[in-house]
Each structure stands twice: as C-alpha cells, then as structure tokens.
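Data block for query.txt (compact mmCIF, C-alpha atoms):
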# COMPACT_ATOMS: atom_id res chain seq x y z
CA MET K 1 -11.76 -11.87 121.54
CA ALA K 2 -10.18 -8.55 122.53
CA ALA K 3 -7.56 -7.64 125.10
CA PRO K 4 -8.60 -5.13 127.78
CA ASP K 5 -5.36 -3.24 127.02
CA THR K 6 -6.39 -2.80 123.39
CA LEU K 7 -9.74 -1.32 124.41
CA GLU K 8 -8.07 0.90 126.98
CA THR K 9 -5.65 2.25 124.36
CA LEU K 10 -8.51 3.05 121.98
CA LEU K 11 -10.44 4.78 124.76
CA ARG K 12 -7.40 6.78 125.94
CA THR K 13 -6.95 8.06 122.39
CA SER K 14 -10.56 9.23 122.27
CA PHE K 15 -10.69 10.50 125.84
CA PRO K 16 -7.20 11.92 126.49
CA ASP K 17 -8.53 14.04 129.36
CA ALA K 18 -10.13 11.12 131.23
CA SER K 19 -9.67 11.40 134.99
CA GLU K 20 -10.93 7.85 135.35
CA LEU K 21 -10.70 5.17 132.70
CA ALA K 22 -11.07 1.49 133.45
CA VAL K 23 -11.70 -1.60 131.35
CA GLU K 24 -12.73 -4.72 133.18
CA ASP K 25 -12.93 -8.13 131.56
CA ARG K 26 -16.04 -9.31 133.39
CA THR K 27 -15.76 -13.01 132.67
CA GLY K 28 -12.06 -13.44 131.87
CA GLY K 29 -13.05 -14.63 128.40
CA GLY K 30 -12.05 -11.46 126.55
CA ASP K 31 -15.50 -10.66 125.20
CA HIS K 32 -17.60 -9.26 128.08
CA PHE K 33 -16.35 -5.87 129.18
CA GLN K 34 -17.27 -3.14 131.62
CA VAL K 35 -15.81 0.26 130.78
CA THR K 36 -15.92 3.21 133.15
CA ILE K 37 -14.90 6.68 131.97
CA SER K 38 -14.94 10.15 133.48
CA SER K 39 -14.27 12.82 130.90
CA GLY K 40 -15.07 16.43 130.15
CA ARG K 41 -16.18 15.27 126.69
CA PHE K 42 -19.38 14.02 128.32
CA ASP K 43 -20.31 17.36 129.87
CA GLY K 44 -23.72 18.55 128.80
CA LEU K 45 -24.49 15.44 126.75
CA SER K 46 -27.40 13.02 127.21
CA LEU K 47 -26.57 9.46 128.23
CA VAL K 48 -27.33 8.29 124.68
CA GLU K 49 -24.86 10.84 123.28
CA GLN K 50 -22.27 9.87 125.91
CA HIS K 51 -22.54 6.18 125.09
CA ARG K 52 -22.36 6.95 121.37
CA LEU K 53 -18.94 8.54 121.94
CA VAL K 54 -17.78 5.32 123.64
CA TYR K 55 -19.18 3.18 120.82
CA ASP K 56 -17.41 5.43 118.30
CA ALA K 57 -14.11 4.95 120.11
CA LEU K 58 -14.57 1.17 120.06
CA ARG K 59 -16.04 0.97 116.55
CA GLU K 60 -13.42 -1.49 115.32
CA PRO K 61 -13.66 -4.21 118.01
CA LEU K 62 -17.46 -3.77 118.09
CA GLY K 63 -17.65 -4.13 114.33
CA ASN K 64 -15.51 -7.25 114.00
CA GLY K 65 -17.49 -9.20 116.58
CA SER K 66 -14.74 -9.47 119.18
CA ILE K 67 -16.92 -7.84 121.83
CA HIS K 68 -20.05 -9.76 122.80
CA GLU K 69 -21.12 -7.50 125.62
CA LEU K 70 -20.14 -3.98 126.54
CA ARG K 71 -21.33 -2.35 129.72
CA ILE K 72 -20.73 1.38 129.89
CA LYS K 73 -20.60 3.79 132.79
CA THR K 74 -19.85 7.40 131.89
CA ARG K 75 -19.46 10.50 134.01
CA GLY K 76 -18.90 14.10 133.03
CA ARG K 77 -16.58 16.41 134.93
CA THR K 78 -19.24 18.80 136.09
CA MET F 25 -34.90 1.07 101.84
CA SER F 26 -35.79 -2.56 102.56
CA GLU F 27 -39.21 -3.74 103.58
CA LEU F 28 -37.80 -5.08 106.84
CA ARG F 29 -36.32 -1.70 107.67
CA ASP F 30 -39.67 -0.06 106.97
CA GLN F 31 -41.38 -2.46 109.37
CA ILE F 32 -38.85 -1.76 112.10
CA LYS F 33 -39.16 1.97 111.52
CA GLU F 34 -42.92 1.77 111.77
CA ILE F 35 -42.72 0.02 115.14
CA ILE F 36 -40.20 2.53 116.49
CA GLU F 37 -42.29 5.48 115.36
CA ASN F 38 -45.76 4.21 116.22
CA GLU F 39 -45.41 2.17 119.40
CA PRO F 40 -45.41 4.12 122.68
CA VAL F 41 -42.43 2.11 123.95
CA SER F 42 -40.58 -0.41 121.83
CA LEU F 43 -37.96 -2.83 123.12
CA PHE F 44 -35.76 -4.69 120.65
CA MET F 45 -34.46 -7.65 122.59
CA LYS F 46 -33.06 -11.15 122.47
CA GLY F 47 -36.02 -13.43 123.16
CA THR F 48 -39.47 -12.37 124.34
CA PRO F 49 -40.71 -10.89 127.63
CA GLN F 50 -41.94 -14.40 128.51
CA PHE F 51 -38.69 -16.08 127.53
CA VAL F 52 -35.75 -13.69 127.71
CA MET F 53 -32.59 -15.02 126.06
CA CYS F 54 -30.05 -12.48 127.30
CA GLY F 55 -29.18 -10.87 130.63
CA ASN F 56 -29.04 -7.38 129.17
CA SER F 57 -32.44 -7.66 127.54
CA GLU F 58 -33.67 -8.81 130.95
CA ARG F 59 -32.16 -5.73 132.64
CA ALA F 60 -33.82 -3.36 130.17
CA LEU F 61 -37.18 -5.11 130.48
CA ARG F 62 -37.00 -5.00 134.28
CA ALA F 63 -36.23 -1.27 134.23
CA LEU F 64 -39.22 -0.64 131.96
CA ARG F 65 -41.52 -2.71 134.15
CA GLU F 66 -40.37 -0.93 137.29
CA ALA F 67 -41.07 2.43 135.69
CA GLY F 68 -44.56 1.30 134.65
CA ALA F 69 -43.98 1.28 130.91
CA PRO F 70 -46.13 -0.36 128.27
CA VAL F 71 -43.79 -2.54 126.22
CA THR F 72 -43.95 -3.63 122.61
CA ALA F 73 -41.19 -6.20 122.34
CA VAL F 74 -39.50 -7.31 119.15
CA ASP F 75 -37.30 -10.40 119.21
CA VAL F 76 -34.20 -9.82 117.06
CA LEU F 77 -33.03 -13.44 117.19
CA PRO F 78 -35.18 -15.07 114.47
CA ASP F 79 -33.23 -13.30 111.70
CA PRO F 80 -29.80 -11.58 111.88
CA GLN F 81 -31.11 -9.06 109.34
CA ILE F 82 -33.40 -7.56 111.99
CA ARG F 83 -30.48 -6.55 114.14
CA GLN F 84 -28.55 -5.26 111.14
CA GLU F 85 -31.39 -3.09 109.87
CA LEU F 86 -32.19 -1.86 113.38
CA SER F 87 -28.61 -0.75 114.03
CA ALA F 88 -28.46 0.89 110.62
CA LEU F 89 -31.55 2.90 111.56
CA SER F 90 -30.59 3.80 115.11
CA GLY F 91 -26.82 4.02 114.81
CA TRP F 92 -26.66 1.98 118.01
CA PRO F 93 -24.51 -1.16 117.79
CA THR F 94 -25.80 -3.30 120.66
CA ILE F 95 -28.99 -5.07 121.81
CA PRO F 96 -31.26 -4.28 123.65
CA GLN F 97 -32.49 -0.95 122.31
CA VAL F 98 -35.38 0.97 123.82
CA PHE F 99 -37.38 3.71 122.11
CA ILE F 100 -40.06 5.94 123.58
CA LYS F 101 -42.27 7.49 120.90
CA GLY F 102 -39.60 7.11 118.27
CA GLU F 103 -36.72 8.42 120.37
CA LEU F 104 -33.80 6.16 121.25
CA VAL F 105 -33.57 6.11 125.04
CA GLY F 106 -30.69 3.67 125.27
CA GLY F 107 -29.60 0.15 126.06
CA ALA F 108 -29.57 -1.79 129.34
CA ASP F 109 -27.04 0.41 131.17
CA ILE F 110 -28.84 3.66 130.38
CA LEU F 111 -32.27 2.19 131.17
CA GLU F 112 -31.03 1.02 134.57
CA GLU F 113 -29.47 4.40 135.29
CA LEU F 114 -32.60 6.30 134.27
CA ALA F 115 -34.86 3.94 136.23
CA ALA F 116 -32.74 4.30 139.37
CA SER F 117 -32.77 8.11 139.19
CA GLY F 118 -36.50 8.29 138.48
CA GLU F 119 -35.87 9.93 135.10
CA LEU F 120 -37.32 7.01 133.18
CA GLN F 121 -40.65 7.29 134.94
CA ALA F 122 -40.63 11.07 134.43
CA LYS F 123 -39.88 10.61 130.73
CA LEU F 124 -42.76 8.13 130.43
CA ASP F 125 -45.11 10.45 132.33
CA THR F 126 -44.27 13.27 129.94
CA ALA F 127 -44.51 11.16 126.78
CA LEU F 128 -47.48 8.94 127.64
CA GLY F 129 -49.18 10.47 130.65
CA PRO F 130 -49.23 9.13 134.23
CA ASP F 131 -52.38 7.03 133.70
CA ARG F 132 -50.92 4.93 130.90
CA GLU F 133 -51.84 1.28 130.52
CA THR F 134 -48.88 -0.99 131.13
CA VAL F 135 -49.64 -3.75 128.66
CA GLU F 136 -46.89 -5.93 127.27
CA ARG F 137 -47.13 -7.24 123.75
CA THR F 138 -44.88 -8.82 121.20
CA ALA F 139 -44.57 -7.64 117.62
CA ALA F 140 -43.03 -9.72 114.87
CA VAL F 141 -41.09 -8.46 111.87
CA ALA F 142 -39.73 -10.35 108.90
This structure in structure tokens:
Amino acid sequence: MAAPDTLETLLRTSFPDASELAVEDRTGGGDHFQVTISSGRFDGLSLVEQHRLVYDALREPLGNGSIHELRIKTRGRT
Amino acid sequence: MSELRDQIKEIIENEPVSLFMKGTPQFVMCGNSERALRALREAGAPVTAVDVLPDPQIRQELSALSGWPTIPQVFIKGELVGGADILEELAASGELQAKLDTALGPDRETVERTAAVA
C-alpha cells in the first residue's frame, strides 16, 4: 500500500516544473493509481520514453510491490 | 543469460506483434491486459500472446529485458510500444494502425495465437 501523497512527493521531485500533477487513488485501497502530469521534461519524447520517466520517479514504490496498478497520462508543454 | 530470457527475447524479436499479458486472449485475467488486447484488435493487429501468470520468472525476465516494470507489454517487431495506457492512446489517435501499416503492411493477416514459454 502507498499513500497518494507519497507518490505525489516523488513525482514533484522528478518533475519540479509540472504545470499539472495529480495522483488519484482509483479504488481507495492505496494500490491502484492514476497519475496525470504535464511537464516540459516530456517535450519531444515518445510515449514510451515519457512513461519511463514516470516509472523512474516511482521506482521505489513500484519495486516494493506497494503499487498494483499504475495508469499514466503524460503531456508535454508544447 | 537464462534459457527463459532467451525464449522471451526470441518471441519479442521474431513475432510481428507480441503481447505479454495476464491470462490468454480467450480468458483475460486482468483489466489492463484486456485494454491492450482491445486496442490491438481495433487496430487490426495480429497478436502473439504470452501469458505471464504461470511462472513469476516470466515477468521478471521480461521486465529485465524491456526495462518496463508493468504488465501488459506490447512489442511490434521487437520494439516496445508500451502498456495499456499507451496502446489506448495510440489506438485512439490512429497512430497504432499507422505503425502497424508501416511495420507489417496494410494487408496483414490478423490472426491471434498463444505462445508458451517456460
């Protein structure tokens, strides 16, 4: 189980420029999350590369099994 | 490199479209695998499905190869295209179909088959 706040803190550290950054606990159970991020870091990257940046930011909770499902929506600035 | 990893690598590199999923196309065990499969079907993709559930090692070796932590994972001619979210996005924008047209031609056969590793 992970707290949405914990994920948001990790994402804010990785995407300090984010104009939009939201973490939604989809089921209330603390293990199914939807994250939405708009950041200049995504500019010019493929969707696979964009999602890799998100996975990198959340490596710890992904690695210790506290996230069962992660839905990702990314947007660049341009 | 383990034998299992070699088998996974061979499927990724040799199958036109491979889908590593939970369950099979006939009996899908996870909503996200279902979303990816639906996107592929809508775009007219042939699908070689590999069920990762029979052995946790499959998922471990797959993620070690692809550097992608979650299931499902879709590859077109060896290239990681993404998981369920990306597949849905690409299907909705028409990019998935365009990618398939480029990689496999517009007259491709859309057969679905299941491959086993272990």
Discussion item. Give me, as a PyMOL selection string, the residues of chain K touching chain F, with the criterion being at most 9 Å (counting only C-alpha atoms).
Written reply: chain K and resi 47-48+51-52+55+59+62-63+68-73
For the residues in the current selection, export C-alpha atoms as an mmCIF file, in the frame of the given file.
data_model
loop_
_atom_site.group_PDB
_atom_site.id
_atom_site.type_symbol
_atom_site.label_atom_id
_atom_site.label_comp_id
_atom_site.auth_asym_id
_atom_site.auth_seq_id
_atom_site.Cartn_x
_atom_site.Cartn_y
_atom_site.Cartn_z
ATOM 1 C CA LEU K 47 -26.570 9.460 128.230
ATOM 2 C CA VAL K 48 -27.330 8.290 124.680
ATOM 3 C CA HIS K 51 -22.540 6.180 125.090
ATOM 4 C CA ARG K 52 -22.360 6.950 121.370
ATOM 5 C CA TYR K 55 -19.180 3.180 120.820
ATOM 6 C CA ARG K 59 -16.040 0.970 116.550
ATOM 7 C CA LEU K 62 -17.460 -3.770 118.090
ATOM 8 C CA GLY K 63 -17.650 -4.130 114.330
ATOM 9 C CA HIS K 68 -20.050 -9.760 122.800
ATOM 10 C CA GLU K 69 -21.120 -7.500 125.620
ATOM 11 C CA LEU K 70 -20.140 -3.980 126.540
ATOM 12 C CA ARG K 71 -21.330 -2.350 129.720
ATOM 13 C CA ILE K 72 -20.730 1.380 129.890
ATOM 14 C CA LYS K 73 -20.600 3.790 132.790
#
Worksheet item: Which polymer residues have any atom within 12 Å of an atom of Val98 (chain F), counting only C-alpha atoms, with same-chain residues fewer than 6 positions away left out, as a ChimeraX atom specification?
Response: /K:48 /F:35-37,39-45,56-57,59-61,63-64,69-74,86,90,92,104-112,120
Fill in: Straight-line distance linking CA of Asp75 (chain F) with CA of Thr48 (chain F), stated in Å to one decimal
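Those two atoms sit 5.9 Å apart.
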Item to complete: Grab the CA of Glu66 (chain F) to CA of Gln121 (chain F) distance for me, in Å with one decimal place.
Response: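 CA of Glu66 (chain F) sits 8.6 Å away from CA of Gln121 (chain F).
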Practice prompt. Write out as an NGL selection string which residues come within 12 Å of Gly44 (chain K) when counting only C-alpha atoms, dropping same-chain ones fewer than 5 positions away.
Written response: :K and (39 or 49-50 or 75-78)
Worksheet item: Separation of CA of Gly30 (chain K) and CA of Asp5 (chain K), in Å?
Response: 10.6 Å
Worksheet entry | Distance criterion (only C-alpha atoms): nearest to Pro4 (chain K) out of K:Gly40, K:Gly65, K:Glu20, K:Leu58 | K:Leu58
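When all atoms listed in the file are used to measure the gap to Glu8 (chain K), the shortest distance among K:Ala57, K:Arg41, K:Thr74, K:Arg26 belongs to K:Ala57.
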Box time for region 36-42 of chain F: axis-aligned, enclosing all its listed atoms, 6 Å extra on each side; report centre and edge lengths in Å to one decimal, as JSON.
{"center_x": -43.0, "center_y": 2.5, "center_z": 119.7, "size_x": 17.6, "size_y": 17.9, "size_z": 20.6}
Pull region 81-103 of chain F out of the block and emit N, CA and C atoms, as a compact mmCIF listing (two decimals), in the first residue's frame.
# COMPACT_ATOMS: atom_id res chain seq x y z
N GLN F 81 8.75 -15.99 -12.85
CA GLN F 81 10.04 -15.75 -13.52
C GLN F 81 9.84 -15.10 -14.89
N ILE F 82 8.72 -15.42 -15.55
CA ILE F 82 8.48 -14.87 -16.89
C ILE F 82 8.44 -13.36 -16.81
N ARG F 83 7.67 -12.87 -15.86
CA ARG F 83 7.52 -11.43 -15.70
C ARG F 83 8.86 -10.78 -15.33
N GLN F 84 9.59 -11.46 -14.45
CA GLN F 84 10.88 -10.93 -14.01
C GLN F 84 11.88 -10.80 -15.17
N GLU F 85 11.96 -11.86 -15.95
CA GLU F 85 12.90 -11.87 -17.08
C GLU F 85 12.45 -10.86 -18.15
N LEU F 86 11.14 -10.79 -18.38
CA LEU F 86 10.61 -9.84 -19.36
C LEU F 86 10.97 -8.40 -18.97
N SER F 87 10.71 -8.05 -17.72
CA SER F 87 10.99 -6.68 -17.28
C SER F 87 12.48 -6.39 -17.28
N ALA F 88 13.29 -7.41 -17.02
CA ALA F 88 14.74 -7.22 -17.08
C ALA F 88 15.17 -6.91 -18.51
N LEU F 89 14.51 -7.56 -19.47
CA LEU F 89 14.83 -7.33 -20.88
C LEU F 89 14.35 -5.97 -21.37
N SER F 90 13.11 -5.63 -21.01
CA SER F 90 12.48 -4.45 -21.59
C SER F 90 12.72 -3.19 -20.76
N GLY F 91 13.05 -3.36 -19.49
CA GLY F 91 13.16 -2.20 -18.62
C GLY F 91 11.81 -1.57 -18.33
N TRP F 92 10.76 -2.34 -18.51
CA TRP F 92 9.39 -1.83 -18.30
C TRP F 92 8.80 -2.61 -17.13
N PRO F 93 8.34 -1.92 -16.08
CA PRO F 93 8.00 -2.65 -14.85
C PRO F 93 6.63 -3.32 -14.81
N THR F 94 5.72 -2.92 -15.69
CA THR F 94 4.33 -3.38 -15.53
C THR F 94 3.89 -4.29 -16.68
N ILE F 95 2.79 -4.99 -16.46
CA ILE F 95 2.13 -5.85 -17.44
C ILE F 95 0.78 -5.23 -17.76
N PRO F 96 0.33 -5.18 -18.99
CA PRO F 96 0.86 -5.80 -20.19
C PRO F 96 2.02 -5.03 -20.83
N GLN F 97 2.71 -5.71 -21.76
CA GLN F 97 3.72 -5.08 -22.59
C GLN F 97 3.50 -5.53 -24.03
N VAL F 98 3.52 -4.55 -24.93
CA VAL F 98 3.30 -4.85 -26.34
C VAL F 98 4.54 -4.48 -27.15
N PHE F 99 4.94 -5.39 -28.03
CA PHE F 99 6.08 -5.14 -28.92
C PHE F 99 5.64 -5.33 -30.37
N ILE F 100 6.07 -4.42 -31.23
CA ILE F 100 5.88 -4.60 -32.66
C ILE F 100 7.25 -4.78 -33.28
N LYS F 101 7.48 -5.93 -33.88
CA LYS F 101 8.77 -6.25 -34.50
C LYS F 101 9.94 -5.90 -33.58
N GLY F 102 9.83 -6.34 -32.34
CA GLY F 102 10.96 -6.18 -31.43
C GLY F 102 11.00 -4.86 -30.68
N GLU F 103 10.16 -3.91 -31.08
CA GLU F 103 10.20 -2.60 -30.42
C GLU F 103 9.08 -2.48 -29.39
